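One file, query.cif, is given below (mmCIF, C-alpha atoms).
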```
data_final
#
loop_
_atom_site.label_atom_id
_atom_site.label_comp_id
_atom_site.auth_asym_id
_atom_site.auth_seq_id
_atom_site.Cartn_x
_atom_site.Cartn_y
_atom_site.Cartn_z
CA MET A 1 -47.00 29.03 -40.26
CA LEU A 2 -47.39 25.87 -42.35
CA MET A 3 -46.03 23.92 -39.40
CA VAL A 4 -48.57 25.46 -37.01
CA ILE A 5 -51.43 24.66 -39.43
CA CYS A 6 -50.25 21.05 -39.93
CA ILE A 7 -49.86 20.39 -36.21
CA GLY A 8 -53.14 22.16 -35.46
CA LEU A 9 -55.11 20.11 -37.99
CA ALA A 10 -53.52 16.86 -36.84
CA TYR A 11 -54.29 17.80 -33.23
CA PHE A 12 -57.99 18.43 -33.79
CA TYR A 13 -58.35 15.33 -35.99
CA MET A 14 -56.53 13.06 -33.55
CA LYS A 15 -58.34 14.51 -30.56
CA SER A 16 -61.75 13.61 -31.97
CA ALA A 17 -60.50 10.25 -33.30
CA GLU A 18 -58.96 9.31 -29.94
CA ARG A 19 -62.12 10.25 -28.07
CA LYS A 20 -64.19 7.96 -30.32
CA ALA A 21 -61.80 5.00 -30.35
CA PRO A 22 -58.46 5.21 -28.48
CA ARG A 23 -55.70 3.73 -30.65
CA TYR A 24 -52.50 5.32 -29.45
CA ARG A 25 -50.81 5.70 -26.12
CA ILE A 26 -48.02 8.01 -25.01
CA ARG A 27 -44.78 6.19 -24.24
CA LYS A 28 -43.57 6.47 -20.69
CA PHE A 29 -40.85 8.97 -19.92
CA PRO A 30 -38.49 7.37 -17.36
CA ALA A 31 -37.66 10.78 -15.83
CA LEU A 32 -41.32 11.52 -15.16
CA GLU A 33 -42.01 7.97 -13.96
CA ALA A 34 -39.05 8.26 -11.58
CA ILE A 35 -40.49 11.27 -9.74
CA GLU A 36 -42.64 9.14 -7.42
CA GLU A 37 -39.77 6.73 -6.76
CA ALA A 38 -37.32 9.54 -6.01
CA VAL A 39 -39.76 11.33 -3.70
CA GLY A 40 -40.45 7.98 -2.01
CA ARG A 41 -36.75 7.64 -1.31
CA ALA A 42 -36.70 11.15 0.14
CA ALA A 43 -39.57 10.13 2.45
CA GLU A 44 -37.67 7.03 3.59
CA MET A 45 -34.57 9.09 4.31
CA ASN A 46 -36.61 11.90 5.90
CA ARG A 47 -34.83 14.44 3.75
CA PRO A 48 -36.18 17.22 1.51
CA VAL A 49 -36.49 17.42 -2.26
CA HIS A 50 -34.85 20.30 -4.11
CA TYR A 51 -36.33 21.60 -7.35
CA THR A 52 -35.40 24.42 -9.70
CA THR A 53 -36.46 25.55 -13.17
CA GLY A 54 -33.02 26.99 -13.83
CA ILE A 55 -31.93 30.51 -14.64
CA GLY A 56 -34.60 31.19 -17.27
CA GLY A 57 -37.76 33.15 -16.75
CA THR A 58 -40.98 33.69 -18.64
CA ASP A 59 -39.97 37.10 -20.01
CA ASP A 60 -37.08 35.85 -22.14
CA GLN A 61 -36.25 33.32 -24.82
CA TYR A 62 -36.25 30.56 -22.21
CA ALA A 63 -39.97 30.96 -21.46
CA PRO A 64 -41.10 27.64 -23.02
CA MET A 65 -38.48 25.75 -20.99
CA THR A 66 -39.54 27.48 -17.77
CA LEU A 67 -43.22 26.78 -18.46
CA SER A 68 -42.41 23.10 -18.96
CA GLY A 69 -40.40 23.08 -15.75
CA LEU A 70 -43.34 24.60 -13.89
CA ALA A 71 -45.63 21.91 -15.33
CA ILE A 72 -43.42 19.23 -13.77
CA LEU A 73 -43.19 21.19 -10.50
CA GLY A 74 -46.94 20.68 -10.01
CA ARG A 75 -46.52 16.91 -10.26
CA VAL A 76 -43.49 16.93 -7.95
CA ALA A 77 -45.40 18.97 -5.34
CA GLU A 78 -48.28 16.51 -5.50
CA ALA A 79 -45.89 13.56 -5.04
CA CYS A 80 -44.19 15.34 -2.14
CA GLY A 81 -47.58 16.04 -0.54
CA LYS A 82 -48.56 12.36 -0.79
CA ALA A 83 -45.26 11.20 0.70
CA GLY A 84 -45.13 13.96 3.34
CA VAL A 85 -41.84 15.33 2.03
CA TYR A 86 -40.65 18.94 2.25
CA LEU A 87 -40.15 20.49 -1.19
CA ARG A 88 -37.81 23.39 -1.71
CA TYR A 89 -38.02 25.39 -4.95
CA THR A 90 -35.26 27.88 -5.74
CA THR A 91 -35.71 30.59 -8.35
CA PRO A 92 -33.69 33.57 -9.55
CA ARG A 93 -36.82 35.26 -10.96
CA ALA A 94 -38.91 37.30 -8.53
CA TYR A 95 -42.13 37.06 -10.54
CA LEU A 96 -41.92 33.26 -10.38
CA VAL A 97 -42.27 33.39 -6.58
CA PRO A 98 -46.09 33.79 -6.44
CA VAL A 99 -46.53 31.55 -9.49
CA SER A 100 -44.52 28.70 -8.00
CA GLN A 101 -46.06 29.18 -4.55
CA ASP A 102 -49.48 28.73 -6.14
CA ILE A 103 -48.36 25.64 -8.08
CA ILE A 104 -46.82 24.03 -4.99
CA LYS A 105 -49.84 24.90 -2.86
CA ALA A 106 -52.15 23.36 -5.47
CA GLY A 107 -49.96 20.24 -5.55
CA TYR A 108 -50.04 19.77 -1.77
CA MET A 109 -53.80 20.42 -1.73
CA LYS A 110 -54.38 17.85 -4.48
CA SER A 111 -52.42 15.30 -2.50
CA GLY A 112 -54.65 15.85 0.53
CA ASN A 113 -51.86 17.29 2.64
CA PRO A 114 -52.41 21.09 2.46
CA ASP A 115 -51.14 21.71 6.02
CA MET A 116 -47.64 20.78 4.99
CA TYR A 117 -47.42 23.62 2.48
CA SER A 118 -45.50 26.70 3.52
CA PRO A 119 -44.72 29.84 1.45
CA ASP A 120 -41.09 29.41 2.59
CA MET A 121 -40.82 26.41 0.28
CA VAL A 122 -40.11 28.92 -2.47
CA TYR A 123 -36.84 30.73 -2.12
CA TYR A 124 -35.84 33.73 -4.22
CA VAL A 125 -32.10 34.18 -4.57
CA GLY A 126 -31.71 37.38 -6.59
CA GLU A 127 -31.39 37.83 -10.32
CA TYR A 128 -27.67 37.12 -10.66
CA GLN A 129 -26.45 33.79 -11.97
CA THR A 130 -23.64 33.55 -9.43
CA ALA A 131 -26.05 34.13 -6.54
CA PHE A 132 -28.38 31.48 -7.91
CA MET A 133 -25.57 28.98 -8.36
CA THR A 134 -23.99 29.47 -4.94
CA SER A 135 -27.34 29.50 -3.17
CA VAL A 136 -28.36 26.15 -4.66
CA MET A 137 -24.91 24.66 -4.06
CA GLY A 138 -24.94 25.89 -0.46
CA TYR A 139 -28.41 24.52 0.17
CA ILE A 140 -27.56 21.12 -1.30
CA LEU A 141 -24.30 20.78 0.62
CA ARG A 142 -25.81 22.00 3.93
CA GLU A 143 -29.23 20.36 3.91
CA ARG A 144 -28.28 17.28 1.84
CA PRO A 145 -31.64 16.79 0.08
CA ALA A 146 -32.33 13.25 -1.08
CA VAL A 147 -33.37 14.41 -4.55
CA ASN A 148 -32.16 17.25 -6.73
CA MET A 149 -34.28 18.11 -9.78
CA ILE A 150 -33.42 20.65 -12.48
CA PHE A 151 -36.02 20.95 -15.23
CA GLY A 152 -35.87 24.05 -17.40
CA ALA A 153 -33.41 26.49 -18.91
CA THR A 154 -29.91 25.78 -17.78
CA LEU A 155 -26.68 27.68 -18.24
CA TRP A 156 -23.22 27.02 -16.81
CA GLU A 157 -24.42 27.28 -13.21
CA THR A 158 -26.07 23.88 -13.67
CA ILE A 159 -22.71 22.13 -13.85
CA ASN A 160 -21.85 23.30 -10.35
CA GLN A 161 -25.33 22.61 -9.00
CA LEU A 162 -25.26 19.06 -10.35
CA GLY A 163 -21.70 18.70 -9.04
CA ALA A 164 -22.90 19.67 -5.56
CA GLY A 165 -25.77 17.19 -5.92
CA ALA A 166 -23.32 14.44 -6.86
CA ILE A 167 -21.15 15.25 -3.81
CA ALA A 168 -24.21 15.19 -1.53
CA GLY A 169 -25.28 11.82 -3.01
CA CYS A 170 -28.64 13.06 -4.29
CA ILE A 171 -30.78 11.23 -6.81
CA GLN A 172 -30.61 13.68 -9.70
CA LEU A 173 -33.39 14.21 -12.20
CA GLY A 174 -32.90 16.71 -14.97
CA GLY A 175 -34.24 17.96 -18.23
CA THR A 176 -33.20 20.68 -20.60
CA PRO A 177 -33.36 21.51 -24.27
CA ARG A 178 -30.14 23.51 -23.91
CA LEU A 179 -27.82 21.51 -26.14
CA TYR A 180 -24.54 22.50 -24.48
CA TYR A 181 -25.66 21.17 -21.11
CA ILE A 182 -27.33 17.94 -22.20
CA PRO A 183 -24.02 15.95 -22.17
CA ILE A 184 -23.16 16.90 -18.59
CA MET A 185 -26.70 16.12 -17.50
CA ILE A 186 -26.51 12.72 -19.21
CA CYS A 187 -23.39 11.95 -17.22
CA VAL A 188 -24.59 13.13 -13.84
CA CYS A 189 -28.37 12.64 -13.76
CA ASP A 190 -30.06 9.36 -12.96
CA TYR A 191 -33.00 10.21 -15.21
CA LEU A 192 -33.17 12.85 -17.91
CA LEU A 193 -35.58 14.53 -20.32
CA ILE A 194 -33.60 15.33 -23.46
CA GLY A 195 -34.50 18.25 -25.69
CA GLU A 196 -38.08 18.09 -26.90
CA GLU A 197 -39.12 15.68 -24.13
CA LEU A 198 -39.14 18.58 -21.69
CA TYR A 199 -41.49 20.63 -23.86
CA VAL A 200 -44.02 17.82 -24.09
CA ALA A 201 -43.79 16.91 -20.40
CA GLY A 202 -46.99 18.81 -19.62
CA ALA A 203 -48.90 16.92 -22.31
CA ALA A 204 -47.33 13.62 -21.23
CA LEU A 205 -48.36 14.18 -17.61
CA GLU A 206 -51.89 15.01 -18.76
CA GLY A 207 -52.28 11.83 -20.87
CA THR A 208 -55.72 12.74 -22.29
CA PRO A 209 -56.92 12.18 -25.90
CA GLY A 210 -56.18 15.85 -26.55
CA SER A 211 -52.56 15.49 -25.49
CA ILE A 212 -52.19 12.36 -27.66
CA GLY A 213 -53.38 14.57 -30.52
CA TYR A 214 -50.42 16.88 -29.90
CA PHE A 215 -47.97 14.01 -30.02
CA ARG A 216 -49.49 12.64 -33.23
CA GLY A 217 -49.42 16.11 -34.76
CA GLN A 218 -45.71 16.30 -33.99
CA ASP A 219 -45.09 12.84 -35.39
CA LEU A 220 -46.89 13.62 -38.63
CA TYR A 221 -44.91 16.79 -39.06
CA LYS A 222 -41.67 14.90 -38.42
CA ILE A 223 -42.65 12.36 -41.10
CA LEU A 224 -43.26 15.25 -43.52
CA LEU A 225 -39.82 16.67 -42.67
CA ILE A 226 -38.09 13.30 -43.16
CA ILE A 227 -39.75 12.94 -46.60
CA LEU A 228 -38.59 16.48 -47.43
CA PHE A 229 -35.02 15.68 -46.32
CA ILE A 230 -34.91 12.53 -48.47
CA LEU A 231 -36.28 14.42 -51.48
CA ALA A 232 -33.78 17.25 -50.90
CA ALA A 233 -30.88 14.77 -50.66
CA VAL A 234 -31.94 13.01 -53.89
CA ALA A 235 -32.49 16.35 -55.66
CA SER A 236 -29.14 17.67 -54.45
CA THR A 237 -27.38 14.53 -55.75
CA ALA A 238 -29.10 15.11 -59.10
CA GLY A 239 -27.81 18.71 -59.12
CA PHE A 240 -31.04 20.50 -58.15
CA ASN A 241 -31.17 22.72 -55.06
CA LEU A 242 -34.66 21.85 -53.76
CA ILE A 243 -34.32 23.62 -50.40
CA GLY A 244 -33.02 26.77 -52.12
CA TYR A 245 -35.96 26.66 -54.54
CA LEU A 246 -38.48 26.17 -51.71
CA SER A 247 -36.88 28.98 -49.66
CA ALA A 248 -37.06 31.37 -52.63
CA TRP A 249 -40.69 30.35 -53.22
CA MET B 250 -66.53 32.49 -8.32
CA SER B 251 -65.41 36.08 -8.70
CA PHE B 252 -65.02 37.24 -12.30
CA LEU B 253 -61.40 38.24 -11.69
CA ARG B 254 -60.51 34.77 -10.39
CA ARG B 255 -61.72 33.00 -13.53
CA ILE B 256 -58.98 30.96 -15.20
CA GLU B 257 -59.95 32.21 -18.67
CA ILE B 258 -58.62 35.71 -17.94
CA PRO B 259 -54.92 34.80 -17.54
CA ILE B 260 -55.19 32.43 -20.51
CA ILE B 261 -56.60 35.25 -22.68
CA LEU B 262 -53.87 37.60 -21.43
CA PHE B 263 -51.25 34.97 -22.22
CA ALA B 264 -52.68 34.44 -25.72
CA ILE B 265 -52.77 38.18 -26.46
CA GLY B 266 -49.25 38.68 -25.09
CA SER B 267 -47.90 35.79 -27.17
CA LEU B 268 -49.76 36.40 -30.41
CA LEU B 269 -49.18 40.14 -30.67
CA PRO B 270 -45.38 39.97 -31.17
CA LEU B 271 -45.84 36.90 -33.40
CA ILE B 272 -48.31 38.66 -35.71
CA ASP B 273 -46.02 41.69 -35.74
CA TYR B 274 -43.04 39.47 -36.67
CA TYR B 275 -44.83 37.97 -39.67
CA THR B 276 -46.84 40.96 -40.86
CA GLY B 277 -45.12 44.04 -39.42
CA ASN B 278 -48.54 45.60 -38.86
CA LEU B 279 -48.61 45.68 -35.06
CA SER B 280 -45.15 47.03 -34.32
CA VAL B 281 -46.38 49.90 -32.11
CA GLN B 282 -48.58 47.61 -30.01
CA ALA B 283 -45.89 44.92 -29.77
CA SER B 284 -43.30 47.47 -28.69
CA GLU B 285 -45.72 48.89 -26.10
CA LEU B 286 -46.31 45.38 -24.79
CA LEU B 287 -42.58 44.78 -24.39
CA SER B 288 -42.32 48.03 -22.39
CA TRP B 289 -45.06 46.73 -20.10
CA VAL B 290 -43.08 43.52 -19.60
CA VAL B 291 -40.01 45.50 -18.50
CA ILE B 292 -42.10 47.60 -16.08
CA LEU B 293 -43.88 44.54 -14.63
CA VAL B 294 -40.63 42.62 -14.18
CA THR B 295 -39.05 45.63 -12.44
CA PHE B 296 -41.94 45.90 -10.00
CA SER B 297 -41.83 42.15 -9.41
CA TYR B 298 -38.45 42.60 -7.67
CA LEU B 299 -40.45 43.86 -4.71
CA ILE B 300 -42.10 40.44 -4.47
CA GLY B 301 -38.62 38.92 -4.40
CA VAL B 302 -37.50 41.23 -1.62
CA VAL B 303 -40.59 40.41 0.45
CA ASN B 304 -39.92 36.69 -0.05
CA LEU B 305 -36.26 37.08 0.89
CA PHE B 306 -37.06 39.03 4.08
CA ARG B 307 -39.87 36.71 5.15
CA TYR B 308 -37.70 33.63 4.63
CA HIS B 309 -34.73 34.97 6.55
CA LEU B 310 -36.75 36.61 9.33
CA ASN B 311 -38.48 33.25 9.82
CA ASN B 312 -35.06 31.62 9.98
CA ILE B 313 -33.91 34.07 12.66
CA ARG B 314 -37.12 33.56 14.63
CA LYS B 315 -36.76 29.78 14.50
CA GLY B 316 -33.00 29.91 15.22
CA ARG B 317 -32.15 28.15 11.94
CA ASP B 318 -29.02 29.30 10.03
CA VAL B 319 -29.19 32.54 12.02
CA TYR B 320 -25.74 33.84 11.03
CA TYR B 321 -26.38 33.43 7.30
CA SER B 322 -29.78 35.10 7.57
CA VAL B 323 -28.47 38.04 9.59
CA LEU B 324 -25.60 38.44 7.11
CA ILE B 325 -27.94 38.45 4.10
CA ILE B 326 -30.42 40.93 5.60
CA GLY B 327 -27.58 43.11 6.90
CA SER B 328 -25.78 43.11 3.52
CA PHE B 329 -29.00 43.89 1.71
CA LEU B 330 -29.89 46.86 3.92
CA PHE B 331 -26.32 48.16 3.96
CA TYR B 332 -25.93 47.99 0.20
CA LEU B 333 -29.35 49.57 -0.37
CA ALA B 334 -28.50 52.43 1.98
CA ILE B 335 -25.03 52.99 0.53
CA ALA B 336 -26.48 53.19 -3.01
CA TYR B 337 -28.25 56.39 -1.96
CA LEU B 338 -25.75 57.74 0.59
CA ASN B 339 -22.36 57.24 -1.03
CA LYS B 340 -22.09 56.29 -4.69
CA SER B 341 -18.29 55.87 -4.65
CA VAL B 342 -18.42 53.29 -1.81
CA TYR B 343 -21.24 51.56 -3.67
CA ASP B 344 -19.12 51.34 -6.84
CA TRP B 345 -16.06 50.23 -4.84
CA ILE B 346 -17.98 47.39 -3.21
CA PHE B 347 -19.29 46.30 -6.60
CA SER B 348 -15.98 46.41 -8.46
CA LYS B 349 -13.58 45.37 -5.68
CA LEU B 350 -15.69 42.93 -3.70
CA TYR B 351 -18.62 41.59 -5.68
CA THR B 352 -16.92 41.22 -9.08
CA PRO B 353 -13.79 39.32 -7.87
CA LEU B 354 -15.90 37.07 -5.65
CA SER B 355 -18.28 36.42 -8.49
CA MET B 356 -15.43 35.60 -10.87
CA SER B 357 -13.81 33.27 -8.34
CA ILE B 358 -17.06 31.40 -7.90
CA SER B 359 -17.56 31.26 -11.67
CA SER B 360 -14.12 29.75 -12.15
CA PHE B 361 -15.31 26.68 -10.21
CA VAL B 362 -17.06 25.64 -13.41
CA GLY B 363 -13.83 24.48 -15.04
CA PHE B 364 -12.93 22.26 -12.07
CA TYR B 365 -16.46 21.01 -11.56
CA THR B 366 -16.83 20.05 -15.22
CA TYR B 367 -14.03 17.52 -14.77
CA THR B 368 -14.65 16.43 -11.19
CA VAL B 369 -18.34 15.96 -11.88
CA PHE B 370 -17.46 13.17 -14.31
CA LEU B 371 -15.39 11.45 -11.65
CA ARG B 372 -17.82 11.96 -8.79
CA GLY B 373 -21.17 11.81 -10.47
CA ALA B 374 -20.91 9.88 -13.70
CA ARG B 375 -23.63 7.23 -13.58
CA LEU B 376 -22.16 4.33 -15.53
CA LYS B 377 -25.26 2.18 -15.37
CA SER B 378 -25.60 1.22 -19.01
CA PRO B 379 -23.36 0.50 -22.03
CA THR B 380 -24.44 3.82 -23.58
CA ALA B 381 -23.24 5.70 -20.50
CA VAL B 382 -19.85 3.95 -20.80
CA LEU B 383 -19.77 4.87 -24.50
CA LEU B 384 -20.52 8.48 -23.63
CA LEU B 385 -17.69 8.58 -21.11
CA ALA B 386 -15.30 6.98 -23.61
CA VAL B 387 -16.22 9.58 -26.24
CA THR B 388 -15.79 12.34 -23.66
CA ILE B 389 -12.27 11.11 -22.90
CA VAL B 390 -11.45 10.95 -26.63
CA ILE B 391 -12.69 14.53 -27.18
CA LEU B 392 -10.78 15.65 -24.09
CA LEU B 393 -7.58 14.16 -25.51
CA TYR B 394 -8.44 15.57 -28.94
CA ASN B 395 -8.46 19.06 -27.45
CA THR B 396 -5.16 18.56 -25.63
CA PRO B 397 -2.28 20.12 -27.66
CA THR B 398 0.31 17.54 -26.52
CA ILE B 399 -1.83 14.59 -27.52
CA ARG B 400 -2.63 16.20 -30.86
CA ALA B 401 1.10 16.64 -31.53
CA LEU B 402 1.99 13.08 -30.45
CA SER B 403 -0.89 11.25 -32.10
CA PRO B 404 -2.28 12.59 -35.42
CA GLN B 405 -4.84 9.72 -35.42
CA MET B 406 -6.53 11.39 -32.49
CA ILE B 407 -7.28 14.39 -34.74
CA THR B 408 -8.94 12.13 -37.32
CA ILE B 409 -11.03 10.34 -34.69
CA GLY B 410 -11.97 13.58 -32.94
CA ASP B 411 -12.95 15.28 -36.19
CA TRP B 412 -15.11 12.31 -37.19
CA ILE B 413 -16.90 12.26 -33.81
CA LYS B 414 -17.58 16.00 -33.97
CA ASN B 415 -18.66 16.13 -37.61
CA VAL B 416 -20.62 12.92 -38.05
CA PRO B 417 -22.44 11.48 -34.97
CA ASN B 418 -22.32 14.70 -32.97
CA THR B 419 -23.65 17.00 -35.71
CA GLY B 420 -26.31 14.44 -36.71
CA ALA B 421 -27.62 14.07 -33.16
CA TYR B 422 -27.40 17.82 -32.58
CA ARG B 423 -29.54 18.61 -35.63
CA GLY B 424 -32.04 15.87 -34.82
CA ILE B 425 -32.56 17.22 -31.31
CA LEU B 426 -32.80 20.77 -32.67
CA ILE B 427 -35.54 19.88 -35.18
CA GLY B 428 -37.50 17.96 -32.55
CA MET B 429 -37.21 20.90 -30.16
CA GLY B 430 -38.48 23.37 -32.76
CA ILE B 431 -41.57 21.29 -33.42
CA SER B 432 -42.23 20.67 -29.72
CA MET B 433 -41.90 24.36 -28.94
CA ILE B 434 -44.68 25.12 -31.43
CA VAL B 435 -46.82 22.41 -29.85
CA LEU B 436 -46.25 23.85 -26.38
CA PHE B 437 -47.09 27.34 -27.67
CA MET B 438 -50.32 26.07 -29.23
CA ARG B 439 -51.28 24.25 -26.04
CA ALA B 440 -50.67 27.43 -24.04
CA ILE B 441 -52.63 29.82 -26.26
CA ILE B 442 -55.68 27.58 -26.46
CA GLY B 443 -55.54 27.08 -22.71
CA ARG B 444 -54.61 23.39 -22.51
CA GLU B 445 -51.23 24.07 -20.88
CA ARG B 446 -52.34 25.72 -17.67
CA SER B 447 -49.90 24.24 -15.20
CA TYR B 448 -48.24 27.65 -14.82
CA LEU B 449 -51.52 28.96 -13.43
CA GLY B 450 -51.30 26.71 -10.40
CA GLY B 451 -54.11 24.32 -11.28
CA GLY B 452 -51.73 21.55 -12.34
#
```
Could you spell out this file's structure in structure tokens?
Amino acid sequence: MLMVICIGLAYFYMKSAERKAPRYRIRKFPALEAIEEAVGRAAEMNRPVHYTTGIGGTDDQYAPMTLSGLAILGRVAEACGKAGVYLRYTTPRAYLVPVSQDIIKAGYMKSGNPDMYSPDMVYYVGEYQTAFMTSVMGYILRERPAVNMIFGATLWETINQLGAGAIAGCIQLGGTPRLYYIPIMICVCDYLLIGEELYVAGAALEGTPGSIGYFRGQDLYKILLIILFILAAVASTAGFNLIGYLSAW
Amino acid sequence: MSFLRRIEIPIILFAIGSLLPLIDYYTGNLSVQASELLSWVVILVTFSYLIGVVNLFRYHLNNIRKGRDVYYSVLIIGSFLFYLAIAYLNKSVYDWIFSKLYTPLSMSISSFVGFYTYTVFLRGARLKSPTAVLLLAVTIVILLYNTPTIRALSPQMITIGDWIKNVPNTGAYRGILIGMGISMIVLFMRAIIGRERSYLGGG
């Protein structure tokens, strides 16, 4: 609760301060910057782009990851619309079908190429992980998309999907906060959003004073945590359990 | 614009749906409402399968009409209808298909993971920077560390492997975890006050 209050206060303060006099800027995320380049390559090769938000949905513990993945999907759809590239989105969650169709449609409309949009760009594969994995692998190996993007909640099926992407020679962009799958993504993906970077992708894409407020709020809270860690380490060395005392309090 | 198409309505619904279980978690005062809400989620998700079926049929019927991947599409639609019918007509055949056909196939496909994990490094490892090379080197060390023969032949490998796992690995792991926790709260705040609305289709 303290964390929410700290970040909230920092957000509102920074938002108003940034509106009056902009001082900070959000650093560029290579994975987000690379979207245009990757879609451009797909246009040159006249091949589609494949996108998935992974196995997670919005009704489980993976909801924040899926929401972040959907935020990036909007940008990818817009880039695909501008370049005239076919985008294929695969999902194992039925309720994400109308949501993603709407996001992709909005992206193609924003790019000024609404005629290219088709509801068939979203493909539902059934709720099972194996079906999801084999469907994506099959699509990648048959259609050979130029780009394969996986932003969201990933489980072991991602290893095979990225493996298929590597065999097909796709440019691979990925992002997940799932710690077990970050190493494999680092090895296989050309560009990657690690951990928290995926969660803030929506704010980073927005780039307004308000979104800078969120980043500053996070930074301030991290500084507070670092100070707390140093104090706890010093106190622990001196024989006083600071964290235990704070937890009990 | 129609009242029902206003963007504020889904944002309010999202905020209520997110805050109710949160308030219940911290105070314990809204347990009945939170539990009711979770039941609604289950019901809504169950009904949403129909959307998935419509999408599946439309996609594959389009494929058949256009003559694209016809065999796959016919097979999928045929399997779907057959399995749906058999679920109501003959439960024992339904169970047999699930346990003798689906489960072994599913397990065979799942076992690819072990092979892919290794081959993916060979096929897909992008050694573009010194850090990527370092990562691959560490991966090889940990691979050897987990190999019983190597552990028996070279006790130094155990020391190196233990150090990698306990010092740099644990440090990085905890750093990422703390950053993720904070970012998740930020994302949640953005969503409940309506700044994160990309999931609504507006971008």
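Taking CA of Leu246 in chain A and CA of Val234 in chain A as endpoints, the distance between them is 14.9 Å.
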Check every residue of chain B for an atom within 8 Å of chain A, counting all atoms listed in the file, and provide those that qualify as a PyMOL selection string. chain B and resi 290+294+297-301+304-305+307-308+355+358-359+361-362+365-366+368-370+372-376+381+384-385+422+425-426+428-438+445+447-452
Using all atoms of range 333-342 of chain B that appear in the file, construct an axis-aligned enclosing box with 4 Å of padding on every side and provide its centre coordinates and edge lengths in Å, rounded to one decimal, as lines of an AutoDock Vina configuration file.
```
center_x = -23.8
center_y = 53.7
center_z = -1.4
size_x = 19.1
size_y = 16.2
size_z = 14.7
```
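Picture a line from CA of Met149 in chain A to CA of Met356 in chain B; it runs 25.7 Å.
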Spell out the residues picked by the PyMOL selection byres ((chain A and resi 24-28) around 7) here, as a ChimeraX atom specification. /A:22-23,29-30,204,212
Those residues with C-alpha atoms, as a PDB file, keeping the file's coordinate frame please?
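Saved the output as again_3.pdb:
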```pdb
ATOM      1  CA  PRO A  22     -58.460   5.210 -28.480  1.00  0.00           C
ATOM      2  CA  ARG A  23     -55.700   3.730 -30.650  1.00  0.00           C
ATOM      3  CA  PHE A  29     -40.850   8.970 -19.920  1.00  0.00           C
ATOM      4  CA  PRO A  30     -38.490   7.370 -17.360  1.00  0.00           C
ATOM      5  CA  ALA A 204     -47.330  13.620 -21.230  1.00  0.00           C
ATOM      6  CA  ILE A 212     -52.190  12.360 -27.660  1.00  0.00           C
TER       7      ILE A 212
END
```
Give me, as JSON lines, each residue of range 85-172 of chain A that comes within 12 Å of range 315-320 of chain B, together with its shortest interatomic pair and the distance in Å at one decimal, counting all atoms listed in the file, with rows ordered by chain and rising residue number.
```
{"residue": "A:Gly138", "atom": "CA", "partner": "B:Asp318", "partner_atom": "CA", "distance": 11.8}
{"residue": "A:Tyr139", "atom": "CA", "partner": "B:Asp318", "partner_atom": "CA", "distance": 11.0}
{"residue": "A:Arg142", "atom": "CA", "partner": "B:Asp318", "partner_atom": "CA", "distance": 10.0}
{"residue": "A:Glu143", "atom": "CA", "partner": "B:Asp318", "partner_atom": "CA", "distance": 10.8}
```
Neighbour list for Phe306 in chain B as a list in words, cut-off 10 Å, only C-alpha atoms, skip fewer than 3 positions in-chain: Tyr124 of chain A; Gly301, Val302, Val303, His309, Leu310, Asn311, Asn312, Ser322, Ile325, Ile326 and Phe329 of chain B
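Residue neighbourhood of range 272-288 of chain B, excluding near-sequence residues (fewer than 5 positions): Met1, Asp59 and Asp60 of chain A; Leu262, Phe263, Ala264, Ile265, Gly266, Ser267, Leu293, Val294 and Thr295 of chain B, at 12 Å, using only C-alpha atoms.
With CA of Thr352 in chain B on one side and CA of Asn339 in chain B on the other, the separation reads 18.7 Å.
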Under the rule that all atoms listed in the file are counted, which of A:Ser247, A:Thr90, A:Thr154, A:Gln61 is the nearest residue to Thr176 in chain A? A:Thr154
Smallest atom-to-atom distance to Tyr245 in chain A: which of A:Glu37, A:Phe151, A:Leu9, A:Ala232, using all atoms listed in the file? A:Ala232
Using the chain letters and numbers from the file, give me the residues hit by the PyMOL selection byres ((chain B and resi 409) around 12), as a PyMOL selection string. chain B and resi 387+389-395+400+403-408+410-417
